[in-house]
Amino acid sequence: MSGDFLPEGTLRGLPGPLPRGERVLWQGAPSTKGVFVRVFHARPVLLWFGAWACVFAVAAGSPGHGALVGGAILLTGAVALALLWGLAWLTHRTSVYTITNRRVVLHTGIALPVTRNLPFAQIETGALRAFGDGSGDIPLRLQPGVRIAYLQLWPHARPWHLSRTEPMLRSVPEAGSVARLLAQALLAHADEANPVMPVVVARPAQTAPRLVAAE
């Protein structure tokens, strides 16, 4: 992805120059490995081809024929995994997640790039699902009435949340630090929107944008 045809001064991943008073806090992208393993489910695909290779190799009758049939299936599986890795790499290369002090921006799309602005006022709360390698998913629950079609967001959407789609920063490195930064930015925005409300006072759901552990 390039910055061609963007106004001068526009950062990669943003639809235009930042308005006065807005600043970028963080930019990142989904990792290729994370997309490969968790979006395209590389491990189940590998197991599926491996299992069928064993079944057909045993059913072939002779060891030589079995090795030939099993090898052909494994080769097909390797090609499939290579294609999935290529798609994962393209997803990584063409996706940019941006957090500013006012919004979250998702710039995604391999063939047809789309930029989605999510002002903090539209975000009800967020969550964090951390993985062992330090990466993680950060889904964003939107305010009631704010709807985005699931297929328009995929794979940058929380899986299986179809009726109320949740945009998601997918497999971002150092997800814990990103989640803390986003939580602080959301709270700061809520304090600006409600300047007379002390931080220690419990806010209603629409103004309590803390990040919690995702299920």
# chains A, B, ... in the order shown; residues from 1 in each chain; ligands from 1

call {"tool": "residues_around", "arguments": {"residues": "Tyr150 (chain A)", "least_positions_apart": "4", "cutoff": "8 Å", "atoms": "only C-alpha atoms", "output": "list of chain:residue names"}}
result
A:Trp154, A:Ala157, A:Leu162, A:Thr165

call {"tool": "write_last_selection", "arguments": {"atoms": "N, CA and C atoms", "output": "CSV table (one decimal), in the first residue's frame"}}
result
chain,number,residue,atom,x,y,z
A,154,TRP,N,-14.5,-7.9,8.1
A,154,TRP,CA,-13.7,-9.1,8.2
A,154,TRP,C,-12.4,-9.0,7.3
A,157,ALA,N,-12.7,-8.0,12.5
A,157,ALA,CA,-13.9,-8.0,13.3
A,157,ALA,C,-13.8,-9.1,14.3
A,162,LEU,N,-22.0,-11.4,15.1
A,162,LEU,CA,-22.6,-11.0,13.8
A,162,LEU,C,-23.7,-9.9,14.0
A,165,THR,N,-21.7,-6.2,15.4
A,165,THR,CA,-20.3,-6.3,15.0
A,165,THR,C,-19.4,-5.5,15.8

call {"tool": "closest_atom_pairs", "arguments": {"of": "region 145-183 of chain A", "to": "region 102-107 of chain A", "cutoff": "10 Å", "atoms": "only C-alpha atoms", "output": "JSON lines"}}
result
{"residue": "A:Leu153", "atom": "CA", "partner": "A:Leu106", "partner_atom": "CA", "distance": 9.2}
{"residue": "A:His156", "atom": "CA", "partner": "A:Leu106", "partner_atom": "CA", "distance": 8.4}
{"residue": "A:Pro167", "atom": "CA", "partner": "A:Leu106", "partner_atom": "CA", "distance": 8.6}
{"residue": "A:Met168", "atom": "CA", "partner": "A:Leu106", "partner_atom": "CA", "distance": 8.9}
{"residue": "A:Leu169", "atom": "CA", "partner": "A:Leu106", "partner_atom": "CA", "distance": 8.1}
{"residue": "A:Leu182", "atom": "CA", "partner": "A:Val104", "partner_atom": "CA", "distance": 8.9}

call {"tool": "residues_around", "arguments": {"residues": "region 108-114 of chain A", "least_positions_apart": "4", "cutoff": "7 Å", "atoms": "only C-alpha atoms", "output": "MDAnalysis selection string"}}
result
chainID A and resid 90:91 94:96

call {"tool": "select_by_dssp", "arguments": {"residues": "region 74-212 of chain A", "states": "alpha helix (DSSP H)", "output": "PyMOL selection string"}}
result
chain A and resi 74-94+150-153+175-193

call {"tool": "write_last_selection", "arguments": {"atoms": "C-alpha atoms", "output": "PDB file, in the first residue's frame"}}
result
ATOM      1  CA  LEU A  74       0.841 -33.297   1.424  1.00  0.00           C
ATOM      2  CA  LEU A  75       2.147 -31.337  -1.555  1.00  0.00           C
ATOM      3  CA  THR A  76      -1.355 -29.998  -2.182  1.00  0.00           C
ATOM      4  CA  GLY A  77      -1.535 -29.033   1.481  1.00  0.00           C
ATOM      5  CA  ALA A  78       1.812 -27.236   1.262  1.00  0.00           C
ATOM      6  CA  VAL A  79       0.562 -25.228  -1.720  1.00  0.00           C
ATOM      7  CA  ALA A  80      -2.631 -24.343   0.152  1.00  0.00           C
ATOM      8  CA  LEU A  81      -0.655 -23.212   3.193  1.00  0.00           C
ATOM      9  CA  ALA A  82       1.664 -21.157   0.985  1.00  0.00           C
ATOM     10  CA  LEU A  83      -1.359 -19.393  -0.518  1.00  0.00           C
ATOM     11  CA  LEU A  84      -2.753 -18.719   2.950  1.00  0.00           C
ATOM     12  CA  TRP A  85       0.612 -17.341   4.077  1.00  0.00           C
ATOM     13  CA  GLY A  86       0.611 -15.056   1.053  1.00  0.00           C
ATOM     14  CA  LEU A  87      -2.857 -13.777   1.942  1.00  0.00           C
ATOM     15  CA  ALA A  88      -1.749 -13.271   5.547  1.00  0.00           C
ATOM     16  CA  TRP A  89       1.273 -11.273   4.376  1.00  0.00           C
ATOM     17  CA  LEU A  90      -0.898  -9.143   2.095  1.00  0.00           C
ATOM     18  CA  THR A  91      -3.287  -8.516   4.981  1.00  0.00           C
ATOM     19  CA  HIS A  92      -0.341  -7.382   7.090  1.00  0.00           C
ATOM     20  CA  ARG A  93       1.055  -5.166   4.338  1.00  0.00           C
ATOM     21  CA  THR A  94      -2.240  -3.481   3.429  1.00  0.00           C
ATOM     22  CA  TYR A 150     -19.515  -7.888   9.565  1.00  0.00           C
ATOM     23  CA  LEU A 151     -18.391  -8.842   6.061  1.00  0.00           C
ATOM     24  CA  GLN A 152     -17.266  -5.278   5.404  1.00  0.00           C
ATOM     25  CA  LEU A 153     -14.874  -5.519   8.347  1.00  0.00           C
ATOM     26  CA  ALA A 175      -1.033  -5.805  22.583  1.00  0.00           C
ATOM     27  CA  GLY A 176      -0.966  -5.127  26.325  1.00  0.00           C
ATOM     28  CA  SER A 177       0.810  -1.816  25.837  1.00  0.00           C
ATOM     29  CA  VAL A 178      -1.515  -0.853  22.974  1.00  0.00           C
ATOM     30  CA  ALA A 179      -4.576  -1.699  25.068  1.00  0.00           C
ATOM     31  CA  ARG A 180      -3.331   0.421  27.971  1.00  0.00           C
ATOM     32  CA  LEU A 181      -2.644   3.331  25.649  1.00  0.00           C
ATOM     33  CA  LEU A 182      -6.118   3.054  24.119  1.00  0.00           C
ATOM     34  CA  ALA A 183      -7.761   2.836  27.540  1.00  0.00           C
ATOM     35  CA  GLN A 184      -5.960   5.976  28.695  1.00  0.00           C
ATOM     36  CA  ALA A 185      -6.969   7.820  25.511  1.00  0.00           C
ATOM     37  CA  LEU A 186     -10.614   6.771  25.911  1.00  0.00           C
ATOM     38  CA  LEU A 187     -10.686   7.852  29.536  1.00  0.00           C
ATOM     39  CA  ALA A 188      -9.045  11.174  28.715  1.00  0.00           C
ATOM     40  CA  HIS A 189     -11.650  11.751  26.013  1.00  0.00           C
ATOM     41  CA  ALA A 190     -14.461  10.850  28.405  1.00  0.00           C
ATOM     42  CA  ASP A 191     -13.074  13.318  30.959  1.00  0.00           C
ATOM     43  CA  GLU A 192     -12.985  16.050  28.316  1.00  0.00           C
ATOM     44  CA  ALA A 193     -16.569  15.283  27.333  1.00  0.00           C
TER      45      ALA A 193
END

call {"tool": "select_by_dssp", "arguments": {"residues": "region 8-143 of chain A", "states": "strand (DSSP E or B)", "output": "PyMOL selection string"}}
result
chain A and resi 24-28+96-100+103-108+114-119+123-130+136-142

call {"tool": "closest_residue", "arguments": {"among": "A:Leu18, A:Ile138, A:Val24, A:Ala149", "to": "Val172 (chain A)", "atoms": "only C-alpha atoms"}}
result
A:Ile138

call {"tool": "closest_residue", "arguments": {"among": "A:Arg141, A:Pro63, A:Gly50, A:Leu11", "to": "Glu124 (chain A)", "atoms": "only C-alpha atoms"}}
result
A:Arg141
